[in-house]
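Below: my_file03.pdb (PDB, C-alpha atoms)
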```pdb
ATOM      1  CA  MET U   1       0.000   0.000   0.000
ATOM      2  CA  GLY U   2       2.789   2.383   0.932
ATOM      3  CA  ALA U   3       4.620   1.577  -2.303
ATOM      4  CA  VAL U   4       1.497   2.400  -4.322
ATOM      5  CA  VAL U   5       1.065   5.743  -2.549
ATOM      6  CA  ALA U   6       4.732   6.659  -3.005
ATOM      7  CA  LEU U   7       4.595   5.739  -6.698
ATOM      8  CA  ALA U   8       1.369   7.693  -7.222
ATOM      9  CA  VAL U   9       2.837  10.813  -5.587
ATOM     10  CA  THR U  10       5.980  10.489  -7.718
ATOM     11  CA  LEU U  11       4.096  10.039 -11.001
ATOM     12  CA  ALA U  12       1.822  12.964 -10.135
ATOM     13  CA  GLY U  13       4.839  15.200  -9.601
ATOM     14  CA  GLY U  14       4.134  15.609  -5.903
ATOM     15  CA  THR U  15       6.523  15.606  -2.979
ATOM     16  CA  LEU U  16       6.453  13.328   0.040
ATOM     17  CA  PRO U  17       7.220  14.826   3.491
ATOM     18  CA  VAL U  18      10.894  13.866   3.348
ATOM     19  CA  GLY U  19      14.093  15.875   3.301
ATOM     20  CA  ASP U  20      13.503  19.609   3.339
ATOM     21  CA  ALA U  21       9.781  19.010   2.735
ATOM     22  CA  ASP U  22       9.388  17.675   6.283
ATOM     23  CA  ALA U  23       9.227  20.694   8.561
ATOM     24  CA  THR U  24       9.315  18.570  11.715
ATOM     25  CA  GLY U  25      12.257  16.415  10.704
ATOM     26  CA  PHE U  26      15.731  16.955  12.068
ATOM     27  CA  SER U  27      17.817  14.277  10.421
ATOM     28  CA  ALA U  28      20.796  14.722   8.119
ATOM     29  CA  LEU U  29      18.404  14.339   5.163
ATOM     30  CA  THR U  30      16.812  17.728   5.860
ATOM     31  CA  ALA U  31      19.530  19.153   3.600
ATOM     32  CA  VAL U  32      18.199  17.099   0.658
ATOM     33  CA  ARG U  33      15.403  18.455  -1.517
ATOM     34  CA  GLY U  34      12.177  16.588  -0.890
ATOM     35  CA  ALA U  35      11.308  16.638  -4.595
ATOM     36  CA  SER U  36      14.589  14.876  -5.401
ATOM     37  CA  LEU U  37      14.212  12.358  -2.585
ATOM     38  CA  THR U  38      10.593  11.386  -3.323
ATOM     39  CA  PRO U  39      11.318   9.173  -6.392
ATOM     40  CA  TRP U  40      13.970   7.281  -4.430
ATOM     41  CA  VAL U  41      11.481   6.684  -1.630
ATOM     42  CA  ALA U  42       9.117   5.199  -4.214
ATOM     43  CA  VAL U  43      11.879   2.929  -5.557
ATOM     44  CA  LEU U  44      12.745   1.855  -2.013
ATOM     45  CA  ALA U  45       9.092   1.114  -1.221
ATOM     46  CA  LEU U  46       8.527  -0.865  -4.429
ATOM     47  CA  THR U  47      11.703  -2.882  -3.895
ATOM     48  CA  GLY U  48      10.699  -3.582  -0.301
ATOM     49  CA  ALA U  49       7.227  -4.700  -1.384
ATOM     50  CA  ALA U  50       8.688  -7.056  -3.996
ATOM     51  CA  LEU U  51      11.133  -8.521  -1.464
ATOM     52  CA  ALA U  52       8.357  -8.940   1.101
ATOM     53  CA  ALA U  53       6.264 -10.886  -1.417
ATOM     54  CA  TRP U  54       9.229 -13.066  -2.381
ATOM     55  CA  THR U  55      10.356 -13.823   1.173
ATOM     56  CA  TRP U  56       6.776 -14.649   2.166
ATOM     57  CA  ARG U  57       6.294 -17.204  -0.623
ATOM     58  CA  GLY U  58       9.834 -18.233  -1.553
ATOM     59  CA  GLY U  59      10.928 -21.717  -0.546
ATOM     60  CA  ARG U  60       7.468 -23.025   0.319
ATOM     61  CA  SER U  61       7.123 -25.341  -2.664
ATOM     62  CA  ARG U  62      10.777 -26.068  -3.455
ATOM     63  CA  PRO U  63      14.230 -25.393  -1.967
ATOM     64  CA  VAL U  64      15.938 -22.073  -2.659
ATOM     65  CA  ALA U  65      19.561 -22.086  -3.809
ATOM     66  CA  ARG U  66      22.088 -20.770  -1.308
ATOM     67  CA  GLY U  67      23.175 -17.978  -3.658
ATOM     68  CA  VAL U  68      19.595 -16.790  -4.037
ATOM     69  CA  ARG U  69      19.119 -16.824  -0.258
ATOM     70  CA  LEU U  70      22.242 -14.746   0.283
ATOM     71  CA  ALA U  71      21.284 -12.301  -2.463
ATOM     72  CA  THR U  72      17.807 -11.953  -0.976
ATOM     73  CA  CYS U  73      19.128 -11.233   2.508
ATOM     74  CA  ALA U  74      21.647  -8.734   1.097
ATOM     75  CA  ALA U  75      18.913  -6.912  -0.824
ATOM     76  CA  VAL U  76      16.724  -6.806   2.267
ATOM     77  CA  GLY U  77      19.644  -5.370   4.215
ATOM     78  CA  VAL U  78      20.009  -2.555   1.681
ATOM     79  CA  VAL U  79      16.281  -1.750   1.847
ATOM     80  CA  LEU U  80      16.303  -1.768   5.653
ATOM     81  CA  ALA U  81      19.337   0.542   5.665
ATOM     82  CA  GLY U  82      17.469   2.925   3.377
ATOM     83  CA  ALA U  83      14.436   2.793   5.644
ATOM     84  CA  VAL U  84      16.554   3.616   8.693
ATOM     85  CA  ALA U  85      18.008   6.610   6.832
ATOM     86  CA  LEU U  86      14.501   8.010   6.279
ATOM     87  CA  VAL U  87      13.600   7.898   9.976
ATOM     88  CA  ASP U  88      14.971  10.409  12.470
ATOM     89  CA  ALA U  89      14.527  10.997  16.188
ATOM     90  CA  SER U  90      10.946  12.271  15.776
ATOM     91  CA  ILE U  91       9.391   8.908  16.657
ATOM     92  CA  LEU U  92      11.520   8.369  19.756
ATOM     93  CA  ALA U  93      10.989  11.967  20.877
ATOM     94  CA  ARG U  94       7.226  11.558  20.680
ATOM     95  CA  LEU U  95       7.389   8.313  22.631
ATOM     96  CA  GLY U  96       9.374  10.128  25.278
ATOM     97  CA  TYR U  97       7.150  13.203  25.421
ATOM     98  CA  LEU U  98       3.866  11.295  25.287
ATOM     99  CA  PRO U  99       3.628  10.313  29.001
ATOM    100  CA  VAL U 100       4.309  13.793  30.392
ATOM    101  CA  THR U 101       2.152  15.414  27.691
ATOM    102  CA  ALA U 102      -0.774  13.119  28.480
ATOM    103  CA  ILE U 103      -0.473  13.790  32.214
ATOM    104  CA  MET U 104       0.002  17.566  32.011
ATOM    105  CA  ALA U 105      -2.272  18.351  29.026
ATOM    106  CA  PRO U 106      -5.470  18.771  31.112
ATOM    107  CA  PHE U 107      -3.743  21.551  33.057
ATOM    108  CA  ASP U 108      -1.776  23.259  30.292
ATOM    109  CA  PRO U 109      -3.373  24.576  27.059
ATOM    110  CA  GLU U 110       0.011  24.642  25.296
ATOM    111  CA  LEU U 111       0.505  20.944  25.956
ATOM    112  CA  ARG U 112      -3.018  20.221  24.761
ATOM    113  CA  ALA U 113      -2.157  21.976  21.521
ATOM    114  CA  ALA U 114       1.002  19.874  21.280
ATOM    115  CA  PHE U 115      -1.102  16.779  20.648
ATOM    116  CA  ALA U 116      -1.991  18.202  17.231
ATOM    117  CA  GLU U 117       1.716  18.157  16.338
ATOM    118  CA  PHE U 118       2.240  14.523  17.321
ATOM    119  CA  LEU U 119       0.985  13.083  14.036
ATOM    120  CA  THR U 120       2.310  15.317  11.281
ATOM    121  CA  PRO U 121       2.563  14.016   7.688
ATOM    122  CA  GLY U 122       6.295  13.505   8.193
ATOM    123  CA  VAL U 123       5.792  11.493  11.358
ATOM    124  CA  LEU U 124       3.068   9.387   9.752
ATOM    125  CA  LEU U 125       5.408   8.632   6.843
ATOM    126  CA  GLN U 126       8.165   7.611   9.263
ATOM    127  CA  LEU U 127       5.749   5.360  11.154
ATOM    128  CA  ALA U 128       4.741   3.725   7.879
ATOM    129  CA  VAL U 129       8.411   3.208   6.990
ATOM    130  CA  LEU U 130       9.133   1.621  10.374
ATOM    131  CA  VAL U 131       6.110  -0.664  10.179
ATOM    132  CA  GLY U 132       6.996  -1.696   6.632
ATOM    133  CA  ALA U 133      10.618  -2.319   7.586
ATOM    134  CA  GLY U 134       9.530  -4.386  10.576
ATOM    135  CA  LEU U 135       7.207  -6.518   8.462
ATOM    136  CA  LEU U 136       9.928  -7.030   5.856
ATOM    137  CA  ALA U 137      12.422  -8.037   8.552
ATOM    138  CA  ALA U 138       9.902 -10.494  10.031
ATOM    139  CA  SER U 139       9.106 -11.986   6.628
ATOM    140  CA  THR U 140      12.806 -12.360   5.838
ATOM    141  CA  THR U 141      13.426 -14.046   9.185
ATOM    142  CA  ARG U 142      10.764 -16.624   8.386
ATOM    143  CA  PHE U 143      12.261 -17.068   4.916
ATOM    144  CA  ALA U 144      15.742 -17.658   6.367
ATOM    145  CA  ARG U 145      14.412 -20.178   8.889
ATOM    146  CA  ARG U 146      12.466 -22.012   6.217
ATOM    147  CA  ALA U 147      15.567 -22.175   4.033
ATOM    148  CA  VAL U 148      17.573 -24.105   6.640
ATOM    149  CA  GLY U 149      14.797 -26.513   7.571
ATOM    150  CA  ALA U 150      13.706 -24.788  10.759
ATOM    151  CA  CYS U 151      10.243 -23.881  11.982
ATOM    152  CA  GLU U 152       9.166 -20.530  10.546
ATOM    153  CA  SER U 153       7.471 -19.564  13.781
ATOM    154  CA  CYS U 154       9.937 -20.515  16.531
ATOM    155  CA  GLY U 155      13.162 -21.142  14.612
ATOM    156  CA  ARG U 156      13.769 -24.598  16.063
ATOM    157  CA  ARG U 157      15.488 -27.057  13.743
ATOM    158  CA  HIS U 158      13.612 -30.131  12.509
ATOM    159  CA  ASP U 159      16.666 -32.068  11.347
ATOM    160  CA  GLY U 160      19.046 -31.673  14.278
ATOM    161  CA  PRO U 161      19.846 -29.840  17.514
ATOM    162  CA  ASP U 162      19.436 -26.090  17.749
ATOM    163  CA  PRO U 163      22.553 -23.880  17.994
ATOM    164  CA  ALA U 164      23.967 -23.960  21.537
ATOM    165  CA  TRP U 165      23.638 -20.192  21.978
ATOM    166  CA  THR U 166      19.840 -20.396  21.631
ATOM    167  CA  THR U 167      19.340 -22.756  24.591
ATOM    168  CA  PRO U 168      17.626 -21.199  27.627
ATOM    169  CA  ALA U 169      20.756 -21.554  29.798
ATOM    170  CA  SER U 170      22.985 -19.875  27.235
ATOM    171  CA  ALA U 171      20.441 -17.161  26.461
ATOM    172  CA  ALA U 172      20.212 -16.394  30.172
ATOM    173  CA  ARG U 173      23.954 -15.714  30.301
ATOM    174  CA  TRP U 174      24.406 -13.471  27.282
ATOM    175  CA  GLY U 175      20.952 -11.959  27.712
ATOM    176  CA  ARG U 176      21.889 -10.717  31.181
ATOM    177  CA  VAL U 177      24.936  -8.897  29.806
ATOM    178  CA  ALA U 178      22.886  -7.376  26.974
ATOM    179  CA  ALA U 179      20.159  -6.251  29.401
ATOM    180  CA  LEU U 180      22.680  -4.577  31.728
ATOM    181  CA  VAL U 181      24.145  -2.636  28.801
ATOM    182  CA  ALA U 182      20.654  -1.765  27.534
ATOM    183  CA  ALA U 183      19.672  -0.471  30.984
ATOM    184  CA  ALA U 184      22.868   1.518  31.596
ATOM    185  CA  ILE U 185      22.525   3.767  28.543
ATOM    186  CA  PRO U 186      19.023   5.192  29.242
ATOM    187  CA  LEU U 187      20.038   5.470  32.903
ATOM    188  CA  PHE U 188      22.970   7.653  31.820
ATOM    189  CA  TYR U 189      20.548   9.788  29.798
ATOM    190  CA  ALA U 190      18.102  10.017  32.712
ATOM    191  CA  VAL U 191      20.778  11.128  35.177
ATOM    192  CA  THR U 192      21.746  14.098  32.999
ATOM    193  CA  ARG U 193      18.154  15.277  32.481
ATOM    194  CA  ILE U 194      17.120  14.881  36.101
ATOM    195  CA  ALA U 195      20.298  16.687  37.178
ATOM    196  CA  TRP U 196      19.308  19.650  35.000
ATOM    197  CA  VAL U 197      15.842  19.735  36.562
ATOM    198  CA  LEU U 198      17.527  19.882  39.979
ATOM    199  CA  GLY U 199      19.666  22.794  38.790
ATOM    200  CA  ILE U 200      22.880  20.782  38.462
ATOM    201  CA  PRO U 201      24.824  21.663  35.272
ATOM    202  CA  LEU U 202      25.900  18.084  34.524
ATOM    203  CA  GLY U 203      27.355  18.182  31.020
ATOM    204  CA  PHE U 204      25.476  21.424  30.398
ATOM    205  CA  SER U 205      26.295  25.063  31.028
ATOM    206  CA  ALA U 206      24.869  26.767  34.099
ATOM    207  CA  ASP U 207      23.164  29.339  31.866
ATOM    208  CA  ASP U 208      21.425  26.645  29.824
ATOM    209  CA  VAL U 209      20.276  24.881  32.979
ATOM    210  CA  ALA U 210      18.868  28.154  34.304
ATOM    211  CA  ALA U 211      17.086  28.708  30.972
ATOM    212  CA  LEU U 212      15.311  25.354  31.362
ATOM    213  CA  ALA U 213      13.680  26.583  34.557
ATOM    214  CA  GLY U 214      12.860  29.930  33.015
ATOM    215  CA  ASP U 215      10.841  28.647  30.042
ATOM    216  CA  ASP U 216       9.266  25.570  31.648
ATOM    217  CA  ALA U 217      11.479  23.279  29.560
ATOM    218  CA  TRP U 218      12.235  21.494  32.816
ATOM    219  CA  ILE U 219       8.883  19.728  32.424
ATOM    220  CA  ALA U 220      10.050  18.121  29.197
ATOM    221  CA  ALA U 221      13.460  17.322  30.692
ATOM    222  CA  LEU U 222      11.818  15.711  33.705
ATOM    223  CA  GLY U 223       9.414  13.748  31.510
ATOM    224  CA  LEU U 224      12.157  12.468  29.232
ATOM    225  CA  GLY U 225      14.441  11.682  32.168
ATOM    226  CA  GLY U 226      11.667   9.905  34.034
ATOM    227  CA  PHE U 227      10.651   7.957  30.929
ATOM    228  CA  ALA U 228      14.261   6.835  30.410
ATOM    229  CA  LEU U 229      14.622   5.907  34.087
ATOM    230  CA  VAL U 230      11.474   3.767  34.037
ATOM    231  CA  GLY U 231      12.677   2.160  30.809
ATOM    232  CA  ALA U 232      16.037   1.323  32.383
ATOM    233  CA  VAL U 233      14.348  -0.344  35.356
ATOM    234  CA  LEU U 234      11.956  -2.309  33.150
ATOM    235  CA  THR U 235      14.881  -3.486  31.037
ATOM    236  CA  LEU U 236      16.297  -5.243  34.097
ATOM    237  CA  GLY U 237      13.137  -7.343  34.122
ATOM    238  CA  LEU U 238      14.375  -9.067  30.978
ATOM    239  CA  PHE U 239      16.616 -11.213  33.187
ATOM    240  CA  GLN U 240      15.131 -10.763  36.675
ATOM    241  CA  HIS U 241      12.560 -13.086  38.252
ATOM    242  CA  TRP U 242      10.005 -10.284  38.511
ATOM    243  CA  GLY U 243      10.155 -10.029  34.717
ATOM    244  CA  GLU U 244       8.636 -13.500  34.545
ATOM    245  CA  VAL U 245       6.302 -13.519  37.561
ATOM    246  CA  PHE U 246       4.442 -10.440  38.796
ATOM    247  CA  PRO U 247       5.809  -9.367  42.234
ATOM    248  CA  ARG U 248       3.741  -9.524  45.417
ATOM    249  CA  TRP U 249       3.069  -5.787  45.587
ATOM    250  CA  MET U 250       1.082  -5.858  42.307
ATOM    251  CA  LEU U 251      -2.394  -6.413  43.696
ATOM    252  CA  GLY U 252      -4.540  -8.693  41.580
ATOM    253  CA  LEU U 253      -1.563  -9.897  39.544
ATOM    254  CA  ALA U 254       0.845 -11.087  42.255
ATOM    255  CA  GLY U 255       2.233 -14.532  41.534
ATOM    256  CA  ARG U 256       0.893 -14.730  37.998
ATOM    257  CA  ARG U 257       3.234 -15.280  35.076
ATOM    258  CA  VAL U 258       4.048 -12.213  33.005
ATOM    259  CA  PRO U 259       2.807 -12.715  29.434
ATOM    260  CA  VAL U 260       5.819 -12.976  27.153
ATOM    261  CA  ASN U 261       4.498 -10.398  24.688
ATOM    262  CA  LEU U 262       3.898  -7.898  27.496
ATOM    263  CA  ALA U 263       7.677  -7.554  27.708
ATOM    264  CA  VAL U 264       8.710  -8.425  24.157
ATOM    265  CA  VAL U 265       6.413  -6.080  22.220
ATOM    266  CA  PRO U 266       7.182  -2.745  23.972
ATOM    267  CA  ALA U 267      10.891  -3.583  24.255
ATOM    268  CA  THR U 268      11.011  -4.332  20.531
ATOM    269  CA  ILE U 269       9.232  -1.070  19.685
ATOM    270  CA  VAL U 270      11.736   0.933  21.718
ATOM    271  CA  ALA U 271      14.705  -0.946  20.235
ATOM    272  CA  VAL U 272      13.447  -0.267  16.714
ATOM    273  CA  ALA U 273      12.785   3.443  17.416
ATOM    274  CA  VAL U 274      16.128   4.039  19.145
ATOM    275  CA  LEU U 275      18.359   2.870  16.270
ATOM    276  CA  PRO U 276      17.341   5.414  13.583
ATOM    277  CA  ALA U 277      17.057   8.121  16.247
ATOM    278  CA  GLY U 278      20.648   7.610  17.353
ATOM    279  CA  LEU U 279      22.039   7.263  13.831
ATOM    280  CA  SER U 280      20.173  10.347  12.569
ATOM    281  CA  LEU U 281      21.379  12.517  15.449
ATOM    282  CA  ILE U 282      24.952  11.336  14.951
ATOM    283  CA  ALA U 283      24.754  11.990  11.203
ATOM    284  CA  LEU U 284      23.186  15.398  11.793
ATOM    285  CA  GLY U 285      25.854  16.280  14.321
ATOM    286  CA  VAL U 286      28.664  15.220  12.007
ATOM    287  CA  SER U 287      27.228  17.122   9.047
ATOM    288  CA  ASP U 288      26.798  20.270  11.118
ATOM    289  CA  SER U 289      29.998  19.788  13.155
ATOM    290  CA  LYS U 290      27.970  19.942  16.391
ATOM    291  CA  LEU U 291      29.301  16.844  18.097
ATOM    292  CA  ALA U 292      31.807  18.722  20.250
ATOM    293  CA  LEU U 293      31.927  16.908  23.587
ATOM    294  CA  THR U 294      32.891  19.879  25.706
ATOM    295  CA  ALA U 295      32.306  20.341  29.427
ATOM    296  CA  ASP U 296      29.201  22.399  28.636
ATOM    297  CA  SER U 297      27.707  20.129  25.940
ATOM    298  CA  TRP U 298      28.546  16.464  26.511
ATOM    299  CA  GLY U 299      25.341  15.916  28.504
ATOM    300  CA  ALA U 300      23.244  17.063  25.546
ATOM    301  CA  VAL U 301      24.949  15.044  22.799
ATOM    302  CA  GLY U 302      26.854  12.305  24.647
ATOM    303  CA  PRO U 303      23.940   9.935  25.383
ATOM    304  CA  ALA U 304      22.794  10.022  21.745
ATOM    305  CA  LEU U 305      26.156   8.633  20.641
ATOM    306  CA  LEU U 306      25.325   5.470  22.594
ATOM    307  CA  TRP U 307      21.800   5.021  21.265
ATOM    308  CA  PRO U 308      22.750   2.647  18.407
ATOM    309  CA  LEU U 309      24.466   0.428  20.995
ATOM    310  CA  TRP U 310      21.361   0.747  23.190
ATOM    311  CA  SER U 311      19.180  -0.450  20.313
ATOM    312  CA  VAL U 312      21.355  -3.491  19.585
ATOM    313  CA  ALA U 313      21.723  -4.397  23.273
ATOM    314  CA  LEU U 314      17.995  -4.028  23.965
ATOM    315  CA  GLY U 315      17.140  -6.083  20.891
ATOM    316  CA  ALA U 316      19.540  -8.824  21.990
ATOM    317  CA  ALA U 317      18.224  -8.801  25.570
ATOM    318  CA  THR U 318      14.644  -9.009  24.302
ATOM    319  CA  TYR U 319      15.510 -11.909  22.006
ATOM    320  CA  ALA U 320      17.231 -13.732  24.873
ATOM    321  CA  TYR U 321      14.144 -13.212  27.040
ATOM    322  CA  TRP U 322      11.965 -14.674  24.278
ATOM    323  CA  LEU U 323      14.311 -17.647  23.820
ATOM    324  CA  ARG U 324      14.093 -18.436  27.541
ATOM    325  CA  ARG U 325      10.326 -18.142  27.745
ATOM    326  CA  ARG U 326       8.986 -19.128  24.317
ATOM    327  CA  GLY U 327       7.759 -22.553  25.489
ATOM    328  CA  ALA U 328       6.329 -25.125  23.120
ATOM    329  CA  CYS U 329       5.672 -23.887  19.600
ATOM    330  CA  VAL U 330       2.002 -23.874  18.595
ATOM    331  CA  VAL U 331       3.003 -24.546  14.972
ATOM    332  CA  CYS U 332       5.562 -27.355  15.136
ATOM    333  CA  GLY U 333       4.931 -28.555  18.690
ATOM    334  CA  GLN U 334       8.597 -28.479  19.686
ATOM    335  CA  GLY U 335       9.565 -27.045  23.043
TER     336      GLY U 335
END
```
Mind turning the file's structure into structure tokens?
Amino acid sequence: MGAVVALAVTLAGGTLPVGDADATGFSALTAVRGASLTPWVAVLALTGAALAAWTWRGGRSRPVARGVRLATCAAVGVVLAGAVALVDASILARLGYLPVTAIMAPFDPELRAAFAEFLTPGVLLQLAVLVGAGLLAASTTRFARRAVGACESCGRRHDGPDPAWTTPASAARWGRVAALVAAAIPLFYAVTRIAWVLGIPLGFSADDVAALAGDDAWIAALGLGGFALVGAVLTLGLFQHWGEVFPRWMLGLAGRRVPVNLAVVPATIVAVAVLPAGLSLIALGVSDSKLALTADSWGAVGPALLWPLWSVALGAATYAYWLRRRGACVVCGQG
């Protein structure tokens, strides 16, 4: 559907909200003319749609040659890289601002008006790109599993033992390390923002910290810092017992098993949103020569440099959690 829309806009001579045509965007692509970028978005979307169709059906009726499998995965990698380049930190910023905006909006008319800016054409396009990229990645994963004789759904092998690193015991070990890394990075971000709210110029100039209090920007800083802090704590649940069984203080849920998707789905969404956000901010900083880690700026730009690592670590920790708790497969029955 997205490919059809992109092609229609291109053939009609229109411009998609990309590059300089996206007023809300702040990626390195804002320097590129939207009219020039639109045809390439259409090509990317059409290629992605064709690959999605092929990976969904390929290999079901007959084996796929190894060279074709490798070429398919390489092509998908190129499309996914292009999709990541189109997405900036807008999605992650809105996820971060949403909790504080929802809480404070009834008491602040400016925040109520901010809801109208949450779903701009540019943001909707980026959401569509992320959803499409996620579906393509999922379809390709099933294709790759099918190609090696494994279950499409759970990845378990039918013709031999699974790789040792996918066993629950092994996943518990490397998943713990990944979760600790994934929790440390948003914690680092949260400490800087909360310090600013408290008037402490941690990696920020004293004048800038004072300006936060003067224009009510401290509310946003507190919301983002609090959101990151909660996320860091929840990440620890990917290897802690309370991430599998609700703790005693949760009335009505105490002692019940935590549904696997209750942890996997939101963690995956954050991991997916963090990667393009971090890469776009790094690219923007490099292109504008703004990545100077000075005593008065490292708190503002330093955490973003770690966001790609955060994405990878959180994705790995989430996958390890799923490997430990996936249970018997409803498709192949293995478990």
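This file gives the following result for the PyMOL selection byres ((chain U and resi 4) around 12): Met1, Gly2, Ala3, Val5, Ala6, Leu7, Ala8, Val9, Thr10, Leu11, Val41, Ala42, Val43, Leu44, Ala45, Leu46, Thr47, Gly48, Ala49 and Ala50 of chain U.
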Given all atoms listed in the file as the counted atoms, nearest of U:Phe239, U:Phe143, U:Phe204, U:Trp307 to Leu275 (chain U):
U:Trp307
Could you pull the residues within 8 Å of Ala21 (chain U), counting all atoms listed in the file, minus those fewer than 6 positions along the same chain, as a PyMOL selection string?
chain U and resi 15+30+33-35
Any idea what's packed within 10 Å of Pro259 (chain U), counting all atoms listed in the file, ignoring anything in its chain fewer than 6 positions away? Could you give it as a VMD selection string?
chain U and resid 243 to 246 325
Okay, now the selection with C-alpha atoms, as an mmCIF file, in the frame of the given file?
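The new file out.cif reads:
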```
data_model
loop_
_atom_site.group_PDB
_atom_site.id
_atom_site.type_symbol
_atom_site.label_atom_id
_atom_site.label_comp_id
_atom_site.auth_asym_id
_atom_site.auth_seq_id
_atom_site.Cartn_x
_atom_site.Cartn_y
_atom_site.Cartn_z
ATOM 1 C CA GLY U 243 10.155 -10.029 34.717
ATOM 2 C CA GLU U 244 8.636 -13.500 34.545
ATOM 3 C CA VAL U 245 6.302 -13.519 37.561
ATOM 4 C CA PHE U 246 4.442 -10.440 38.796
ATOM 5 C CA ARG U 325 10.326 -18.142 27.745
#
```
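Counting from CA of Val258 (chain U), the distance to CA of Leu236 (chain U) is 14.1 Å.
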Applying the PyMOL selection byres ((chain U and resi 224) around 12) to the file I just gave you, which residues come out? Please list them as a ChimeraX atom specification.
/U:92-101,186-187,189-194,196-197,217-223,225-231
Could you make a table, as a tab-separated table, of the residues of region 243-298 of chain U that have an atom within 12 Å of an atom of region 318-323 of chain U, each with its nearest atom pair and distance in Å to one decimal, counting all atoms listed in the file, in chain and number order?
```
residue	atom	partner	partner_atom	distance
U:Gly243	CA	U:Tyr321	CA	9.2
U:Glu244	CA	U:Tyr321	CA	9.3
U:Val258	CA	U:Tyr321	CA	11.8
U:Pro259	CA	U:Trp322	CA	10.7
U:Val260	CA	U:Trp322	CA	7.0
U:Asn261	CA	U:Trp322	CA	8.6
U:Leu262	CA	U:Trp322	CA	11.0
U:Ala263	CA	U:Thr318	CA	7.9
U:Val264	CA	U:Thr318	CA	6.0
U:Val265	CA	U:Thr318	CA	9.0
U:Pro266	CA	U:Thr318	CA	9.7
U:Ala267	CA	U:Thr318	CA	6.6
U:Thr268	CA	U:Thr318	CA	7.0
U:Ile269	CA	U:Thr318	CA	10.7
U:Val270	CA	U:Thr318	CA	10.7
U:Ala271	CA	U:Thr318	CA	9.0
U:Val272	CA	U:Thr318	CA	11.6
```
What does the PyMOL selection byres ((chain U and resi 159) around 8) select in this file, as a tab-separated table (two decimals) with C-alpha atoms, in the coordinates of the input?
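To be explicit, this is the file written out as part.tsv:
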```
chain	number	residue	atom	x	y	z
U	149	GLY	CA	14.80	-26.51	7.57
U	150	ALA	CA	13.71	-24.79	10.76
U	157	ARG	CA	15.49	-27.06	13.74
U	158	HIS	CA	13.61	-30.13	12.51
U	160	GLY	CA	19.05	-31.67	14.28
U	161	PRO	CA	19.85	-29.84	17.51
```
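For the set U:Leu51, U:Leu305, U:Ala144, U:Val84, the residue with the smallest atom-to-atom gap to Val64 (chain U) is U:Ala144, counting all atoms listed in the file.
Taking CA of Thr235 (chain U) and CA of Arg173 (chain U) as the two end points, the separation is 15.2 Å.
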Residues within 12 Å of Arg156 (chain U), please, as a PyMOL selection string. Count only C-alpha atoms; anything in the same chain fewer than 4 positions from it doesn't count.
chain U and resi 142+145-146+148-152+160-164+166-167+323+326-329+331-335
Please produce a file of the residues just selected, as a CSV table (one decimal), in the frame of the given file, where the atoms kept are C-alpha atoms.
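Saved the output as selection-v4.csv:
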```csv
chain,number,residue,atom,x,y,z
U,142,ARG,CA,10.8,-16.6,8.4
U,145,ARG,CA,14.4,-20.2,8.9
U,146,ARG,CA,12.5,-22.0,6.2
U,148,VAL,CA,17.6,-24.1,6.6
U,149,GLY,CA,14.8,-26.5,7.6
U,150,ALA,CA,13.7,-24.8,10.8
U,151,CYS,CA,10.2,-23.9,12.0
U,152,GLU,CA,9.2,-20.5,10.5
U,160,GLY,CA,19.0,-31.7,14.3
U,161,PRO,CA,19.8,-29.8,17.5
U,162,ASP,CA,19.4,-26.1,17.7
U,163,PRO,CA,22.6,-23.9,18.0
U,164,ALA,CA,24.0,-24.0,21.5
U,166,THR,CA,19.8,-20.4,21.6
U,167,THR,CA,19.3,-22.8,24.6
U,323,LEU,CA,14.3,-17.6,23.8
U,326,ARG,CA,9.0,-19.1,24.3
U,327,GLY,CA,7.8,-22.6,25.5
U,328,ALA,CA,6.3,-25.1,23.1
U,329,CYS,CA,5.7,-23.9,19.6
U,331,VAL,CA,3.0,-24.5,15.0
U,332,CYS,CA,5.6,-27.4,15.1
U,333,GLY,CA,4.9,-28.6,18.7
U,334,GLN,CA,8.6,-28.5,19.7
U,335,GLY,CA,9.6,-27.0,23.0
```
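Distance-wise, CA of Gly237 (chain U) and CA of Pro308 (chain U) end up 21.0 Å apart.
Residues with any atom within 8 Å of the point (22.1, -6.3, 25.0), counting all atoms listed in the file, are U:Trp174, U:Gly175, U:Arg176, U:Val177, U:Ala178, U:Ala179, U:Leu180, U:Val181, U:Ala182, U:Trp310, U:Val312, U:Ala313, U:Leu314, U:Gly315, U:Ala316, U:Ala317, U:Thr318.
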